[in-house]
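Worksheet: the structure to be examined is printed underneath.
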Amino acid sequence: MPTFKTSEFAGAALLALGLSIAWWESGKLPFEASLFPRLVIGVAGMGTLIWLVQLALPSGRGERGVPPSRRLWLAMALTALYGGSISLAGYFGPTILFIPAMAFLLGNRSHAVAGITALAFAAGIYAVFVVIFQRPLPLY
Amino acid sequence: MLENLWLALPLVLSPANIAAMVGGTVAGIIVGALPGITAAMAIAILLPMTFAMEPLVALGMIAGLYNGAMYGGAIPAILLRIPGTPAAVATTFDGYVMAKRGEAGLAIQISSYSSAVGGIASALALILLAPPLSEVALSFGPPEMFWVGVFGLASIALLLGRDRVKGVISAALGLLLASVGVDKLTGHDRFTFGRVDLVSGLDIAVVLIGLFALPPGFQMAEDAARRGAAAAIPKIKGGMGLVEATLNFWPAWLRSSLIGIVVGILPGAGGNFAAILAYNEEKRNAADPDSFGKGNPVGVAAAECANNADNAASMIPALTLGVPGSLVAALILGGLMIHGLQPGPQLFRDRPDVVYGFMIQMLLTSILIFPLGGMVASRIFAKVLYIPQVLLMPLIVATTVAGVYTINNSTFDLLVLFAFGFVGYVFEKLDVPLAPISLGLILGPMVETNLRISLLLSQGDPSIFFTRPVSLAILAVTVAMVLWPLLRKKKQPQLAKTSA
């Protein structure tokens, strides 16, 4: 049974809001600097309006999509936590913890394999980036 | 042209370059063999590793990645009926059936020969066609370059995805993201919101990696619970010599190479389209078309030859006009820009060593697939299929983070990475194509600069865009490309009516 695509409508509405903020922000600029951004915002805005109208019409309905699972949200949160911890604790420590933690979250129960993989991976990244390419990674 | 090729050859044959090409090809085959990781994603993940290299060495690795990944996608397509890259879909039609009847080795060997032949043909087309086209492009003025940018954006936005409105929105967002930072003509900060980190704009590499490397990782997290590690894979045995393969498949190789090259030059089409078109063409020409889909080796040969023939040819508009015709070409141009090289016809004039060197590298990395597609190598590469996705996903994220951090040694870049990773994932769920955003990011500065310079030259008169013959020609092609799908749609119901 075709239903109203709520999530898509919300996405389009958020996009419209973002474009409105961008339009307002570009108003602070002199004409020459704001010309191109405003042209582009105008095109994106028209497209978003058409998208919203398409969704509002009966022909814009579709099958209800499968919502993201709780596991996916947790995976995203863990990834964000991992990224945030790098500035506090360096790259290698959080990475060695992140790999088995994420694998466990996704269903891995072979903890020894995950642990060994994490250590081998960290060693490999150190060898490739730090030793071979001389690109420093934060240690702590 | 010959002189420039001759000058670039010793640079390409340096030990560092050879190591980069071989390493890149091996890495490309491995990554291409992993289902769920496209050639574009492979390049996005490994692009940061090239920053410490000389530009030509970096391009050698990228060329190897590109050609290797397009071949590598055939391995799981044949062994597991799962295309390693989208371009390998057509390979599953006959390749998997061949594997089921004990001819996995033969199928893989045919696909490696065909991929190499297609890649070589495409690289030769790039070498022969790009230099004269760049000469023509050098005569373009600011209004012409503006329309070239619009043409490139329109073709990707309107032809690549299923929904044209979303494609246009995506392209516009890319252009908007490209305007973040200091306006080069007036010196004003745009959309920096007071953040010093944004004054120099968003780093293209970081945004592209966020958009293309992380969302598949999140998708893997979604799928991991449903699908564990690969089940047992068929034994890889049997094979065919190159001479025998040439005698059997040269007509298919010839037709498929031509199809792949033409599709590659057209912006918006990709290896997937080339492979399916070539497959259908071989089926149409075959004496026994019903054998296709039932393990006909010609089906494998045609699909693999065409999808690799698309590779170098797709770099023709990218190198000559600065307009990438595919997502991978966009990433490669992004890689060039990171090394301080502005893509476009002026690159042929200013850095012929880099451009001609890259063309030779596309040729040599295609030739490398001959030895790397052999039985021994294929058995080793096939082992990657045993890596469970529950481990693969965090490894991809960790590699991406390491790579992005080393670009500018900036934790702000990690924030941008994750922000665009999330945006990319949401856009994919909303069916908004990501390729136009990348194109908008890359072409934005070129389009805006040429727009404003044109208006300066004409003292604000917009008719400069509509009164020059070449500008009008490019505009006409753009309009035709926009209208063609609509006209075709209108014709189809009429055709259905008359045939009823």
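Just so we're on the same page: first chain in the structure tokens is A, next is B, and so on; residues restart at 1 for each chain, and ligands are numbered from 1 in the order they show up.
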
Using only C-alpha atoms, find each residue of chain A with at least one atom at most 7 Å away from an atom of chain B; report its shortest atom-to-atom pair and that distance in Å (one decimal), sort the rows by chain and rising residue number, and return the result as JSON lines.
```
{"residue": "A:Glu8", "atom": "CA", "partner": "B:Leu430", "partner_atom": "CA", "distance": 5.9}
{"residue": "A:Glu25", "atom": "CA", "partner": "B:Phe191", "partner_atom": "CA", "distance": 6.9}
{"residue": "A:Ala33", "atom": "CA", "partner": "B:Asp183", "partner_atom": "CA", "distance": 6.5}
{"residue": "A:Phe36", "atom": "CA", "partner": "B:Glu448", "partner_atom": "CA", "distance": 6.4}
{"residue": "A:Pro37", "atom": "CA", "partner": "B:Leu176", "partner_atom": "CA", "distance": 6.0}
{"residue": "A:Val40", "atom": "CA", "partner": "B:Ala172", "partner_atom": "CA", "distance": 5.6}
{"residue": "A:Val43", "atom": "CA", "partner": "B:Ala172", "partner_atom": "CA", "distance": 6.7}
{"residue": "A:Ala44", "atom": "CA", "partner": "B:Ile169", "partner_atom": "CA", "distance": 4.8}
{"residue": "A:Gly47", "atom": "CA", "partner": "B:Ile169", "partner_atom": "CA", "distance": 5.7}
{"residue": "A:Thr48", "atom": "CA", "partner": "B:Ile169", "partner_atom": "CA", "distance": 6.9}
{"residue": "A:Trp51", "atom": "CA", "partner": "B:Val165", "partner_atom": "CA", "distance": 6.9}
{"residue": "A:Leu72", "atom": "CA", "partner": "B:Glu222", "partner_atom": "CA", "distance": 5.8}
{"residue": "A:Gly83", "atom": "CA", "partner": "B:Leu414", "partner_atom": "CA", "distance": 6.7}
{"residue": "A:Ser87", "atom": "CA", "partner": "B:Thr411", "partner_atom": "CA", "distance": 6.4}
{"residue": "A:Thr95", "atom": "CA", "partner": "B:Ala398", "partner_atom": "CA", "distance": 6.6}
{"residue": "A:Ile99", "atom": "CA", "partner": "B:Pro394", "partner_atom": "CA", "distance": 5.3}
{"residue": "A:Met102", "atom": "CA", "partner": "B:Pro394", "partner_atom": "CA", "distance": 6.2}
{"residue": "A:Ala103", "atom": "CA", "partner": "B:Val390", "partner_atom": "CA", "distance": 5.0}
{"residue": "A:Leu106", "atom": "CA", "partner": "B:Val390", "partner_atom": "CA", "distance": 5.6}
{"residue": "A:Gly107", "atom": "CA", "partner": "B:Ala225", "partner_atom": "CA", "distance": 6.3}
{"residue": "A:Asn108", "atom": "CA", "partner": "B:Val390", "partner_atom": "CA", "distance": 6.2}
{"residue": "A:Phe133", "atom": "CA", "partner": "B:Ala52", "partner_atom": "CA", "distance": 6.0}
{"residue": "A:Arg135", "atom": "CA", "partner": "B:Thr406", "partner_atom": "CA", "distance": 5.8}
{"residue": "A:Pro136", "atom": "CA", "partner": "B:Thr406", "partner_atom": "CA", "distance": 6.7}
{"residue": "A:Leu137", "atom": "CA", "partner": "B:Thr406", "partner_atom": "CA", "distance": 6.7}
```

Requested write-out: N, CA, C and O atoms of the selected residues, as an mmCIF file, in the first residue's frame:
```
data_model
loop_
_atom_site.group_PDB
_atom_site.id
_atom_site.type_symbol
_atom_site.label_atom_id
_atom_site.label_comp_id
_atom_site.auth_asym_id
_atom_site.auth_seq_id
_atom_site.Cartn_x
_atom_site.Cartn_y
_atom_site.Cartn_z
ATOM 1 N N GLU A 8 11.435 10.940 3.780
ATOM 2 C CA GLU A 8 11.928 11.692 2.629
ATOM 3 C C GLU A 8 11.434 13.138 2.699
ATOM 4 O O GLU A 8 12.161 14.085 2.390
ATOM 5 N N GLU A 25 22.617 33.901 5.082
ATOM 6 C CA GLU A 25 24.045 34.127 5.333
ATOM 7 C C GLU A 25 24.692 34.849 4.152
ATOM 8 O O GLU A 25 25.535 35.739 4.323
ATOM 9 N N ALA A 33 30.455 38.859 -4.424
ATOM 10 C CA ALA A 33 30.792 37.623 -3.706
ATOM 11 C C ALA A 33 29.567 36.740 -3.526
ATOM 12 O O ALA A 33 29.697 35.522 -3.389
ATOM 13 N N PHE A 36 27.232 34.157 -7.236
ATOM 14 C CA PHE A 36 27.249 32.732 -7.580
ATOM 15 C C PHE A 36 26.566 31.881 -6.517
ATOM 16 O O PHE A 36 25.714 31.045 -6.852
ATOM 17 N N PRO A 37 26.910 32.069 -5.210
ATOM 18 C CA PRO A 37 26.211 31.262 -4.206
ATOM 19 C C PRO A 37 24.694 31.432 -4.271
ATOM 20 O O PRO A 37 23.964 30.453 -4.128
ATOM 21 N N VAL A 40 23.200 29.510 -7.149
ATOM 22 C CA VAL A 40 23.211 28.069 -6.851
ATOM 23 C C VAL A 40 22.150 27.725 -5.809
ATOM 24 O O VAL A 40 21.437 26.730 -5.946
ATOM 25 N N VAL A 43 18.830 27.593 -7.499
ATOM 26 C CA VAL A 43 18.602 26.354 -8.256
ATOM 27 C C VAL A 43 18.275 25.210 -7.297
ATOM 28 O O VAL A 43 17.320 24.452 -7.510
ATOM 29 N N ALA A 44 19.071 25.099 -6.234
ATOM 30 C CA ALA A 44 18.834 24.025 -5.257
ATOM 31 C C ALA A 44 17.476 24.203 -4.592
ATOM 32 O O ALA A 44 16.757 23.226 -4.343
ATOM 33 N N GLY A 47 14.715 23.149 -6.925
ATOM 34 C CA GLY A 47 14.701 21.687 -6.974
ATOM 35 C C GLY A 47 14.065 21.096 -5.737
ATOM 36 O O GLY A 47 13.256 20.154 -5.822
ATOM 37 N N THR A 48 14.384 21.656 -4.579
ATOM 38 C CA THR A 48 13.829 21.147 -3.325
ATOM 39 C C THR A 48 12.327 21.379 -3.268
ATOM 40 O O THR A 48 11.566 20.522 -2.792
ATOM 41 N N TRP A 51 10.688 18.835 -5.381
ATOM 42 C CA TRP A 51 10.758 17.557 -4.646
ATOM 43 C C TRP A 51 9.652 17.478 -3.596
ATOM 44 O O TRP A 51 8.939 16.473 -3.493
ATOM 45 N N LEU A 72 22.495 -0.191 13.823
ATOM 46 C CA LEU A 72 23.147 0.787 12.949
ATOM 47 C C LEU A 72 23.379 2.098 13.688
ATOM 48 O O LEU A 72 24.458 2.693 13.591
ATOM 49 N N GLY A 83 36.004 8.679 16.559
ATOM 50 C CA GLY A 83 36.588 9.867 15.938
ATOM 51 C C GLY A 83 36.906 10.952 16.957
ATOM 52 O O GLY A 83 37.969 11.565 16.921
ATOM 53 N N SER A 87 41.430 12.867 19.170
ATOM 54 C CA SER A 87 42.076 14.123 19.560
ATOM 55 C C SER A 87 42.494 14.082 21.026
ATOM 56 O O SER A 87 43.381 14.822 21.444
ATOM 57 N N THR A 95 41.945 3.095 18.173
ATOM 58 C CA THR A 95 41.742 2.187 17.037
ATOM 59 C C THR A 95 41.776 0.737 17.500
ATOM 60 O O THR A 95 40.951 -0.082 17.073
ATOM 61 N N ILE A 99 38.143 -1.466 16.842
ATOM 62 C CA ILE A 99 37.938 -2.579 15.906
ATOM 63 C C ILE A 99 37.231 -3.751 16.572
ATOM 64 O O ILE A 99 36.195 -4.230 16.060
ATOM 65 N N MET A 102 33.540 -2.642 17.595
ATOM 66 C CA MET A 102 32.598 -2.565 16.476
ATOM 67 C C MET A 102 32.271 -3.956 15.963
ATOM 68 O O MET A 102 31.126 -4.272 15.655
ATOM 69 N N ALA A 103 33.292 -4.816 15.860
ATOM 70 C CA ALA A 103 33.055 -6.178 15.390
ATOM 71 C C ALA A 103 32.080 -6.900 16.329
ATOM 72 O O ALA A 103 31.189 -7.624 15.882
ATOM 73 N N LEU A 106 28.585 -5.727 15.751
ATOM 74 C CA LEU A 106 28.011 -6.237 14.506
ATOM 75 C C LEU A 106 27.790 -7.750 14.528
ATOM 76 O O LEU A 106 27.301 -8.304 13.552
ATOM 77 N N GLY A 107 28.159 -8.391 15.619
ATOM 78 C CA GLY A 107 27.835 -9.811 15.748
ATOM 79 C C GLY A 107 29.017 -10.750 15.839
ATOM 80 O O GLY A 107 28.834 -11.966 15.930
ATOM 81 N N ASN A 108 30.232 -10.216 15.809
ATOM 82 C CA ASN A 108 31.391 -11.097 15.913
ATOM 83 C C ASN A 108 31.529 -11.618 17.339
ATOM 84 O O ASN A 108 31.413 -10.872 18.293
ATOM 85 N N PHE A 133 55.557 6.242 4.580
ATOM 86 C CA PHE A 133 55.163 7.523 3.991
ATOM 87 C C PHE A 133 55.520 8.729 4.856
ATOM 88 O O PHE A 133 55.300 9.863 4.445
ATOM 89 N N ARG A 135 54.129 10.064 7.380
ATOM 90 C CA ARG A 135 52.986 10.916 7.707
ATOM 91 C C ARG A 135 52.646 10.642 9.173
ATOM 92 O O ARG A 135 52.191 9.545 9.502
ATOM 93 N N PRO A 136 52.862 11.591 10.048
ATOM 94 C CA PRO A 136 52.663 11.303 11.482
ATOM 95 C C PRO A 136 51.194 11.117 11.822
ATOM 96 O O PRO A 136 50.326 11.783 11.269
ATOM 97 N N LEU A 137 50.954 10.207 12.736
ATOM 98 C CA LEU A 137 49.626 10.027 13.323
ATOM 99 C C LEU A 137 49.757 10.300 14.815
ATOM 100 O O LEU A 137 50.782 9.955 15.401
#
```

Exercise for the section: Name the residues in contact with stretch 286-297 of chain B at a cut-off of 9 Å, using only C-alpha atoms, excluding same-chain residues fewer than 6 positions from it; report them as JSON, numbers by chain. Expected result: {"B": [92, 93, 94, 95, 96, 97, 98, 99, 101, 106, 107, 110, 249, 279]}

Problem - Between atom CA of A:Ala75 and atom CA of A:Ala114, distance in Å (one decimal) - result: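 Computing the Euclidean distance for atom CA of A:Ala75 and atom CA of A:Ala114 yields 16.2 Å.
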
Practice task
For B:Val150, list every protein, DNA or RNA residue within 10 Å, evaluated using only C-alpha atoms, and leave out those in the same chain fewer than 3 positions away; present the list as a list in words.
Solution key: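 Those residues are Glu144, Met145, Phe146, Trp147, Leu153, Ala154, Ser155, Val323, Gly440, Leu443, Gly444, Val447, Ile474, Leu475 and Thr478 of chain B.
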
Practice task
May I have all residues of stretch 35-203 of chain B that DSSP, computed from the backbone, assigns to strand (DSSP E), given as a list in words?
Solution key: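 Of stretch 35-203 of chain B, the ones in strand (DSSP E) are Gly181, Val182, Asp189 and Arg190 of chain B.
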
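Note that atom CA of B:Ile332 and atom CA of B:Ala480 are 28.0 Å apart.
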
Exercise for the section: Please provide the set of residues having any atom within 12 Å of B:Arg349, restricted to only C-alpha atoms, with same-chain residues fewer than 2 positions apart removed, written as a list in words. Expected result: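 Residues meeting the cut-off are Met1, Asn4, Pro131, Ser134, Glu135, Ala137, Leu138, Leu319, Thr320, Leu341, Gln342, Pro343, Gly344, Pro345, Gln346, Leu347, Arg351, Pro352, Asp353, Val354, Val355 and Tyr356 of chain B.
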
Handout entry: For A:Leu78, the nearest of the candidates A:Pro100, A:Gly93, A:Gly42, A:Pro30, counting only C-alpha atoms
Key = A:Pro100

Practice task
Quote the spacing between atom CA of B:Met359 and atom CA of B:Glu281 in Å to one decimal place.
Solution key: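 Atom CA of B:Met359 sits 28.4 Å away from atom CA of B:Glu281.
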
Problem - Backbone-only DSSP, alpha helix (DSSP H) members of stretch 51-138 of chain A, as an MDAnalysis selection string - result: chainID A and resid 51:56 70:89 92:105 111:125

Problem - Test item: residues at most 12 Å from A:Ala13, only C-alpha atoms, excluding those fewer than 4 positions along its chain, as a PyMOL selection string - result: chain A and resi 6-9+17-20+45+47-53+55-56

Please produce an output containing C-alpha atoms for each residue in the selection, written as a JSON list (two decimals), in the first residue's frame.
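Saved as again.json:
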```json
[["chain", "number", "residue", "atom", "x", "y", "z"],
["A", 6, "THR", "CA", 7.59, 10.78, 5.85],
["A", 7, "SER", "CA", 11.35, 10.39, 6.15],
["A", 8, "GLU", "CA", 11.93, 11.69, 2.63],
["A", 9, "PHE", "CA", 9.63, 14.65, 3.28],
["A", 17, "LEU", "CA", 15.73, 24.97, 5.96],
["A", 18, "GLY", "CA", 19.47, 24.65, 5.36],
["A", 19, "LEU", "CA", 19.19, 26.46, 2.04],
["A", 20, "SER", "CA", 17.21, 29.26, 3.72],
["A", 45, "GLY", "CA", 15.85, 25.75, -3.68],
["A", 47, "GLY", "CA", 14.70, 21.69, -6.97],
["A", 48, "THR", "CA", 13.83, 21.15, -3.32],
["A", 49, "LEU", "CA", 10.46, 22.82, -3.80],
["A", 50, "ILE", "CA", 9.69, 20.54, -6.75],
["A", 51, "TRP", "CA", 10.76, 17.56, -4.65],
["A", 52, "LEU", "CA", 8.45, 18.59, -1.79],
["A", 53, "VAL", "CA", 5.53, 19.10, -4.18],
["A", 55, "LEU", "CA", 6.13, 14.07, -2.32],
["A", 56, "ALA", "CA", 2.91, 15.86, -1.36]]
```

Completion exercise
Among A:Phe92, A:Phe98, A:Trp23, A:Trp73, A:Gly124 is approached most closely, using only C-alpha atoms, by A:Phe92

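Distance check against B:Val148 using only C-alpha atoms: of B:Val22, B:Ala205, B:Leu258, B:Ala318, the minimum falls on B:Ala318.
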
Exercise for the section: Find the residues near B:Phe358: any atom within 8 Å, counting only C-alpha atoms, skip ones fewer than 6 places away on the same chain, and give them as a ChimeraX atom specification. Expected result: /B:56,59-60,63

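The residue that comes closest to B:Tyr66, out of B:Ile380, B:Leu331, B:Leu456, B:Leu128 and on the basis of only C-alpha atoms, is B:Leu331.
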